[in-house]
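Below is one structure, written out as structure tokens; the observations come after it.
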Amino acid sequence: MSPLNSLSKVEVEGNQNIDSQEIIASSDLQVGQKLWSQYLDREEFTRKIVQELPRVKNAEIKFSALNQFKIDVTEHEEVSLLAEDEKYYPILENGEVVRQPEERADENKVILENFNSQNQIMSTIENYYNLPDEIQSDVSQINYTPSRNNEELLTIFMNDGNRVIVNISNMEQQMQYYPQVAQEMDDNGIVDMEVGIFVRPYDENSTEDEQDENEAE
């Protein structure tokens, strides 16, 4: 068989957070094996990449030379971080958590904590990124804090020292009022948006507040 009928090389483009060799290995493409049979089955090879590597959004196999392939990769964007056991796990735009811990948090990404459902994470991220930029930048952390009667509750820690209690489903709508409410507050405290909008200072429930602060740290 002519050497031109065998796959001689595979290269990768578009990857930023995944090693090229890891992508090639996950595809199961075989250098030295039949070129055209592998090319005709290229969708199966790219499907394996996406299934094996959660960071990969899509992949495409093309010819880069006469008997060489190029895997063109698009990665899911990292949109936030999940805090667990003093480590931080990247959360992708599809709500999936990448189980590759980071020791330090990226200050440009909002931190989520106590979430245990991809649907919860996805809904929270979607609502967060629909907020105006100035409100997004004032959020430091979002904790999932359901109550006995409400499984949608979030506690949002703001950079100005306030905390906001809000439902996941109306977070986008209710948080629009936060800048005005915060401006009218004399002291830092809790802005309760679960039903309506109510403000109370921290010292009205100091024990609970101090416990929440310790958990957030």
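In the structure tokens, each chain is lettered A, B, ... as it comes, each chain's residues begin at 1, and ligands are numbered from 1 in order of appearance.
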Problem - Surrounding residues of Thr74 of chain A excluding itself and chain neighbours under 4 positions, 8 Å, only C-alpha atoms, as a PyMOL selection string - result: chain A and resi 14-15+56-59
Exercise for the section: Using DSSP on the backbone, list every residue of segment 98-183 of chain A that comes out as strand (DSSP E or B), and give them as a ChimeraX atom specification. Expected result: /A:102,110-113,139-144,153-158,163-167
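Of the residues under consideration (A:Met193, A:Ala25, A:Leu4, A:Val10), A:Val10 shows the shortest atom-to-atom contact distance to Lys70 of chain A when counting only C-alpha atoms.
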Practice task
Skip Asn5 of chain A itself and residues of its chain fewer than 4 positions away, then list as an MDAnalysis selection string all residues within 10 Å of it, counting only C-alpha atoms.
Solution key: chainID A and resid 1 32:37 66:67
Using N, CA, C and O atoms, can you write the selected residues to a file as a PDB file, in the first residue's frame?
ATOM      1  N   MET A   1       0.838  -1.181   0.000  1.00  0.00           N
ATOM      2  CA  MET A   1       0.000   0.000   0.000  1.00  0.00           C
ATOM      3  C   MET A   1       0.883   1.243   0.000  1.00  0.00           C
ATOM      4  O   MET A   1       1.884   1.315   0.688  1.00  0.00           O
ATOM      5  N   GLY A  32      -0.713   5.723  10.700  1.00  0.00           N
ATOM      6  CA  GLY A  32      -0.198   4.506  10.077  1.00  0.00           C
ATOM      7  C   GLY A  32      -1.299   3.593   9.568  1.00  0.00           C
ATOM      8  O   GLY A  32      -1.026   2.627   8.845  1.00  0.00           O
ATOM      9  N   GLN A  33      -2.565   3.908   9.929  1.00  0.00           N
ATOM     10  CA  GLN A  33      -3.685   3.112   9.455  1.00  0.00           C
ATOM     11  C   GLN A  33      -4.322   3.779   8.237  1.00  0.00           C
ATOM     12  O   GLN A  33      -3.958   4.884   7.847  1.00  0.00           O
ATOM     13  N   LYS A  34      -5.288   3.098   7.641  1.00  0.00           N
ATOM     14  CA  LYS A  34      -5.879   3.557   6.387  1.00  0.00           C
ATOM     15  C   LYS A  34      -6.415   4.984   6.501  1.00  0.00           C
ATOM     16  O   LYS A  34      -7.157   5.317   7.411  1.00  0.00           O
ATOM     17  N   LEU A  35      -6.049   5.793   5.547  1.00  0.00           N
ATOM     18  CA  LEU A  35      -6.391   7.209   5.550  1.00  0.00           C
ATOM     19  C   LEU A  35      -7.884   7.425   5.271  1.00  0.00           C
ATOM     20  O   LEU A  35      -8.589   8.067   6.050  1.00  0.00           O
ATOM     21  N   TRP A  36      -8.357   6.881   4.164  1.00  0.00           N
ATOM     22  CA  TRP A  36      -9.699   7.223   3.693  1.00  0.00           C
ATOM     23  C   TRP A  36     -10.799   6.625   4.554  1.00  0.00           C
ATOM     24  O   TRP A  36     -11.850   7.244   4.757  1.00  0.00           O
ATOM     25  N   SER A  37     -10.596   5.446   5.079  1.00  0.00           N
ATOM     26  CA  SER A  37     -11.624   4.860   5.945  1.00  0.00           C
ATOM     27  C   SER A  37     -11.780   5.697   7.213  1.00  0.00           C
ATOM     28  O   SER A  37     -12.898   5.892   7.718  1.00  0.00           O
ATOM     29  N   LEU A  66      -1.615  16.159   2.223  1.00  0.00           N
ATOM     30  CA  LEU A  66      -2.082  15.056   1.392  1.00  0.00           C
ATOM     31  C   LEU A  66      -2.551  13.860   2.202  1.00  0.00           C
ATOM     32  O   LEU A  66      -3.582  13.255   1.912  1.00  0.00           O
ATOM     33  N   ASN A  67      -1.828  13.499   3.238  1.00  0.00           N
ATOM     34  CA  ASN A  67      -2.226  12.356   4.069  1.00  0.00           C
ATOM     35  C   ASN A  67      -2.128  12.698   5.557  1.00  0.00           C
ATOM     36  O   ASN A  67      -1.750  11.880   6.390  1.00  0.00           O
TER      37      ASN A  67
END
Practice task
Find the residues around Ala83 of chain A up to 8 Å (only C-alpha atoms counted), leave out those fewer than 6 positions away in its own chain, and share them as number ranges by chain.
Solution key: A: 89, 111-114
Output file for the selection above: N, CA, C and O atoms, as a PDB file, in the first residue's frame:
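As a result, again-v7.pdb now contains:
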ATOM      1  N   TYR A  89     -13.415  24.877  40.900  1.00  0.00           N
ATOM      2  CA  TYR A  89     -13.586  24.057  39.703  1.00  0.00           C
ATOM      3  C   TYR A  89     -14.245  24.892  38.608  1.00  0.00           C
ATOM      4  O   TYR A  89     -15.295  25.508  38.853  1.00  0.00           O
ATOM      5  N   ILE A 111     -17.992  33.384  41.676  1.00  0.00           N
ATOM      6  CA  ILE A 111     -17.866  32.104  42.379  1.00  0.00           C
ATOM      7  C   ILE A 111     -19.244  31.606  42.788  1.00  0.00           C
ATOM      8  O   ILE A 111     -20.060  32.360  43.331  1.00  0.00           O
ATOM      9  N   LEU A 112     -19.500  30.337  42.534  1.00  0.00           N
ATOM     10  CA  LEU A 112     -20.723  29.673  42.984  1.00  0.00           C
ATOM     11  C   LEU A 112     -20.365  28.672  44.076  1.00  0.00           C
ATOM     12  O   LEU A 112     -19.292  28.066  44.030  1.00  0.00           O
ATOM     13  N   GLU A 113     -21.264  28.504  45.037  1.00  0.00           N
ATOM     14  CA  GLU A 113     -21.000  27.559  46.127  1.00  0.00           C
ATOM     15  C   GLU A 113     -22.284  26.858  46.549  1.00  0.00           C
ATOM     16  O   GLU A 113     -23.373  27.437  46.490  1.00  0.00           O
ATOM     17  N   ASN A 114     -22.128  25.591  46.956  1.00  0.00           N
ATOM     18  CA  ASN A 114     -23.224  24.750  47.470  1.00  0.00           C
ATOM     19  C   ASN A 114     -24.200  24.295  46.389  1.00  0.00           C
ATOM     20  O   ASN A 114     -25.292  23.819  46.718  1.00  0.00           O
TER      21      ASN A 114
END
Exercise for the section: From the DSSP assignment of the backbone, select every residue of segment 49-204 of chain A that is alpha helix (DSSP H), and format the answer as a ChimeraX atom specification. Expected result: /A:49-52,118-129,133-136,171-174,178-183
Print the selection's residues with N, CA, C and O atoms to a file, as a compact mmCIF listing (two decimals), in the first residue's frame.
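File written: part_0.txt
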# COMPACT_ATOMS: atom_id res chain seq x y z
N ILE A 49 -14.38 12.62 20.75
CA ILE A 49 -13.68 13.73 21.41
C ILE A 49 -14.63 14.50 22.31
O ILE A 49 -14.32 14.79 23.48
N VAL A 50 -15.80 14.85 21.78
CA VAL A 50 -16.77 15.63 22.54
C VAL A 50 -17.28 14.86 23.75
O VAL A 50 -17.47 15.42 24.84
N GLN A 51 -17.47 13.55 23.59
CA GLN A 51 -17.94 12.72 24.70
C GLN A 51 -16.88 12.56 25.78
O GLN A 51 -17.18 12.53 26.98
N GLU A 52 -15.64 12.47 25.37
CA GLU A 52 -14.55 12.20 26.30
C GLU A 52 -14.08 13.44 27.04
O GLU A 52 -13.69 13.37 28.22
N GLN A 118 -26.63 20.50 37.83
CA GLN A 118 -26.23 21.22 36.64
C GLN A 118 -27.34 22.17 36.19
O GLN A 118 -27.06 23.27 35.69
N ASN A 119 -28.59 21.78 36.38
CA ASN A 119 -29.71 22.65 36.00
C ASN A 119 -29.74 23.91 36.85
O ASN A 119 -29.98 25.01 36.34
N GLN A 120 -29.48 23.77 38.15
CA GLN A 120 -29.41 24.94 39.03
C GLN A 120 -28.29 25.87 38.61
O GLN A 120 -28.46 27.10 38.53
N ILE A 121 -27.14 25.27 38.33
CA ILE A 121 -25.98 26.06 37.90
C ILE A 121 -26.30 26.80 36.60
O ILE A 121 -26.04 28.00 36.47
N MET A 122 -26.87 26.08 35.64
CA MET A 122 -27.16 26.66 34.34
C MET A 122 -28.14 27.82 34.45
O MET A 122 -27.95 28.89 33.86
N SER A 123 -29.20 27.63 35.22
CA SER A 123 -30.21 28.69 35.39
C SER A 123 -29.61 29.92 36.06
O SER A 123 -29.89 31.06 35.68
N THR A 124 -28.77 29.67 37.07
CA THR A 124 -28.14 30.78 37.79
C THR A 124 -27.19 31.54 36.88
O THR A 124 -27.19 32.79 36.86
N ILE A 125 -26.38 30.83 36.12
CA ILE A 125 -25.43 31.48 35.22
C ILE A 125 -26.15 32.30 34.16
O ILE A 125 -25.77 33.43 33.85
N GLU A 126 -27.21 31.73 33.58
CA GLU A 126 -27.96 32.44 32.55
C GLU A 126 -28.54 33.74 33.09
O GLU A 126 -28.46 34.79 32.44
N ASN A 127 -29.12 33.68 34.29
CA ASN A 127 -29.68 34.89 34.89
C ASN A 127 -28.59 35.90 35.23
O ASN A 127 -28.76 37.10 35.02
N TYR A 128 -27.47 35.40 35.75
CA TYR A 128 -26.37 36.30 36.11
C TYR A 128 -25.85 37.06 34.89
O TYR A 128 -25.66 38.28 34.93
N TYR A 129 -25.62 36.35 33.79
CA TYR A 129 -25.05 37.00 32.61
C TYR A 129 -26.05 37.83 31.83
O TYR A 129 -25.68 38.53 30.89
N ASP A 133 -23.86 44.93 33.12
CA ASP A 133 -22.45 44.73 33.48
C ASP A 133 -22.10 45.31 34.85
O ASP A 133 -21.31 44.73 35.60
N GLU A 134 -22.68 46.48 35.18
CA GLU A 134 -22.32 47.11 36.45
C GLU A 134 -22.81 46.30 37.64
O GLU A 134 -22.19 46.32 38.71
N ILE A 135 -23.92 45.57 37.48
CA ILE A 135 -24.39 44.70 38.57
C ILE A 135 -23.56 43.43 38.62
O ILE A 135 -23.19 42.96 39.70
N GLN A 136 -23.24 42.86 37.46
CA GLN A 136 -22.37 41.68 37.43
C GLN A 136 -21.06 41.94 38.16
O GLN A 136 -20.60 41.11 38.95
N MET A 171 -34.18 36.22 39.50
CA MET A 171 -32.94 36.93 39.78
C MET A 171 -32.69 38.06 38.78
O MET A 171 -32.37 39.19 39.16
N GLU A 172 -32.86 37.77 37.50
CA GLU A 172 -32.60 38.79 36.47
C GLU A 172 -33.51 39.99 36.66
O GLU A 172 -33.07 41.15 36.58
N GLN A 173 -34.76 39.75 36.92
CA GLN A 173 -35.73 40.83 37.06
C GLN A 173 -35.52 41.63 38.34
O GLN A 173 -35.46 42.86 38.32
N GLN A 174 -35.39 40.94 39.48
CA GLN A 174 -35.30 41.61 40.77
C GLN A 174 -33.99 42.37 40.96
O GLN A 174 -33.97 43.45 41.55
N TYR A 178 -31.44 46.51 42.41
CA TYR A 178 -30.44 46.53 43.48
C TYR A 178 -29.68 47.85 43.58
O TYR A 178 -29.53 48.39 44.70
N PRO A 179 -29.17 48.42 42.49
CA PRO A 179 -28.39 49.67 42.63
C PRO A 179 -29.17 50.77 43.35
O PRO A 179 -28.61 51.48 44.20
N GLN A 180 -30.44 50.91 43.04
CA GLN A 180 -31.25 51.95 43.69
C GLN A 180 -31.45 51.63 45.17
O GLN A 180 -31.34 52.52 46.02
N VAL A 181 -31.74 50.35 45.47
CA VAL A 181 -31.94 49.96 46.86
C VAL A 181 -30.66 50.18 47.67
O VAL A 181 -30.69 50.73 48.78
N ALA A 182 -29.52 49.77 47.12
CA ALA A 182 -28.24 49.90 47.82
C ALA A 182 -27.91 51.36 48.08
O ALA A 182 -27.34 51.71 49.13
N GLN A 183 -28.26 52.22 47.15
CA GLN A 183 -27.96 53.65 47.29
C GLN A 183 -28.74 54.26 48.46
O GLN A 183 -28.27 55.21 49.10
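If only C-alpha atoms are the atoms counted, then among A:Asp203, A:Arg148, A:Ile61, A:Ser27 the closest residue to Lys48 of chain A is A:Ser27.
Residues in contact with Val98 of chain A at 10 Å, where only C-alpha atoms are counted and same-chain residues fewer than 5 positions away are skipped, are listed as A:Leu53, A:Pro54, A:Arg55, A:Glu78, A:Leu81, A:Leu82, A:Tyr88, A:Tyr89, A:Pro90, A:Ile91, A:Leu92.
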Write the residues you've just listed into a file as a compact mmCIF listing (two decimals), in the first residue's frame, and include all heavy atoms for each of them.
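result17.txt, written as the output of this step:
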# COMPACT_ATOMS: atom_id res chain seq x y z
N LEU A 53 -14.13 14.59 26.37
CA LEU A 53 -13.56 15.82 26.93
C LEU A 53 -14.65 16.87 27.11
O LEU A 53 -15.12 17.47 26.14
CB LEU A 53 -12.45 16.36 26.01
CG LEU A 53 -11.30 15.39 25.73
CD1 LEU A 53 -10.35 15.97 24.69
CD2 LEU A 53 -10.55 15.05 27.00
N PRO A 54 -15.07 17.13 28.34
CA PRO A 54 -16.18 18.05 28.57
C PRO A 54 -15.91 19.48 28.12
O PRO A 54 -16.85 20.24 27.86
CB PRO A 54 -16.40 17.98 30.09
CG PRO A 54 -15.12 17.43 30.64
CD PRO A 54 -14.58 16.53 29.58
N ARG A 55 -14.64 19.86 28.06
CA ARG A 55 -14.33 21.22 27.63
C ARG A 55 -14.58 21.45 26.13
O ARG A 55 -14.72 22.59 25.70
CB ARG A 55 -12.86 21.55 27.92
CG ARG A 55 -12.55 21.81 29.39
CD ARG A 55 -11.11 22.24 29.53
NE ARG A 55 -10.72 22.49 30.91
CZ ARG A 55 -10.84 23.65 31.52
NH1 ARG A 55 -11.38 24.67 30.87
NH2 ARG A 55 -10.44 23.81 32.78
N GLU A 78 -15.23 29.11 29.78
CA GLU A 78 -15.33 29.06 31.24
C GLU A 78 -16.04 30.33 31.70
O GLU A 78 -15.60 31.44 31.41
CB GLU A 78 -13.95 29.00 31.89
CG GLU A 78 -13.24 27.67 31.73
CD GLU A 78 -11.93 27.63 32.51
OE1 GLU A 78 -11.71 28.53 33.36
OE2 GLU A 78 -11.12 26.74 32.26
N LEU A 81 -16.83 29.78 38.56
CA LEU A 81 -16.10 28.78 39.33
C LEU A 81 -17.00 28.21 40.42
O LEU A 81 -17.78 28.95 41.03
CB LEU A 81 -14.86 29.40 39.97
CG LEU A 81 -13.78 29.94 39.03
CD1 LEU A 81 -12.76 30.76 39.81
CD2 LEU A 81 -13.08 28.81 38.29
N LEU A 82 -16.86 26.92 40.68
CA LEU A 82 -17.57 26.27 41.78
C LEU A 82 -16.60 26.06 42.92
O LEU A 82 -15.56 25.40 42.75
CB LEU A 82 -18.17 24.94 41.32
CG LEU A 82 -18.95 24.16 42.38
CD1 LEU A 82 -20.23 24.92 42.76
CD2 LEU A 82 -19.29 22.76 41.88
N TYR A 88 -11.28 25.43 43.59
CA TYR A 88 -12.20 26.03 42.63
C TYR A 88 -12.21 25.22 41.34
O TYR A 88 -11.15 24.92 40.78
CB TYR A 88 -11.78 27.48 42.34
CG TYR A 88 -11.73 28.33 43.58
CD1 TYR A 88 -10.53 28.50 44.29
CD2 TYR A 88 -12.87 28.95 44.08
CE1 TYR A 88 -10.48 29.26 45.44
CE2 TYR A 88 -12.83 29.72 45.23
CZ TYR A 88 -11.64 29.86 45.91
OH TYR A 88 -11.58 30.61 47.06
N TYR A 89 -13.42 24.88 40.90
CA TYR A 89 -13.59 24.06 39.70
C TYR A 89 -14.25 24.89 38.61
O TYR A 89 -15.30 25.51 38.85
CB TYR A 89 -14.44 22.83 40.01
CG TYR A 89 -13.82 21.90 41.02
CD1 TYR A 89 -13.98 22.11 42.39
CD2 TYR A 89 -13.06 20.80 40.61
CE1 TYR A 89 -13.40 21.26 43.32
CE2 TYR A 89 -12.48 19.93 41.55
CZ TYR A 89 -12.66 20.18 42.90
OH TYR A 89 -12.08 19.33 43.81
N PRO A 90 -13.66 24.92 37.42
CA PRO A 90 -14.25 25.72 36.33
C PRO A 90 -15.65 25.24 35.96
O PRO A 90 -15.90 24.03 35.89
CB PRO A 90 -13.27 25.49 35.17
CG PRO A 90 -11.99 25.06 35.80
CD PRO A 90 -12.39 24.29 37.02
N ILE A 91 -16.53 26.19 35.76
CA ILE A 91 -17.87 25.90 35.26
C ILE A 91 -17.95 26.41 33.82
O ILE A 91 -17.62 27.57 33.53
CB ILE A 91 -18.96 26.58 36.11
CG1 ILE A 91 -18.88 26.08 37.56
CG2 ILE A 91 -20.34 26.31 35.54
CD1 ILE A 91 -19.84 26.80 38.49
N LEU A 92 -18.37 25.53 32.92
CA LEU A 92 -18.44 25.87 31.51
C LEU A 92 -19.77 26.52 31.16
O LEU A 92 -20.72 26.49 31.95
CB LEU A 92 -18.22 24.62 30.65
CG LEU A 92 -16.94 23.83 30.96
CD1 LEU A 92 -16.86 22.57 30.10
CD2 LEU A 92 -15.70 24.70 30.76
Handout entry: Long-range neighbours of Phe157 of chain A as a ChimeraX atom specification, 6 Å cut-off, only C-alpha atoms, 6 positions minimum in chain
Key = /A:140-141,163
Exercise for the section: Check the smallest atom-to-atom distance from each of A:Phe115, A:Tyr39, A:Tyr202, A:Phe69 to Ile142 of chain A using only C-alpha atoms, then report the winner. Expected result: A:Phe115
Exercise for the section: Would you list the contacts of Glu13 of chain A as a list in words, taking every protein, DNA or RNA residue within 8 Å and counting only C-alpha atoms, but skipping same-chain residues closer than 3 positions in sequence? Expected result: Lys70, Ile71, Asp72 and Val73 of chain A
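Proximity ranking of A:Ser64, A:Thr46, A:Asn116, A:Asn17 relative to His76 of chain A places A:Asn17 first, based on only C-alpha atoms.
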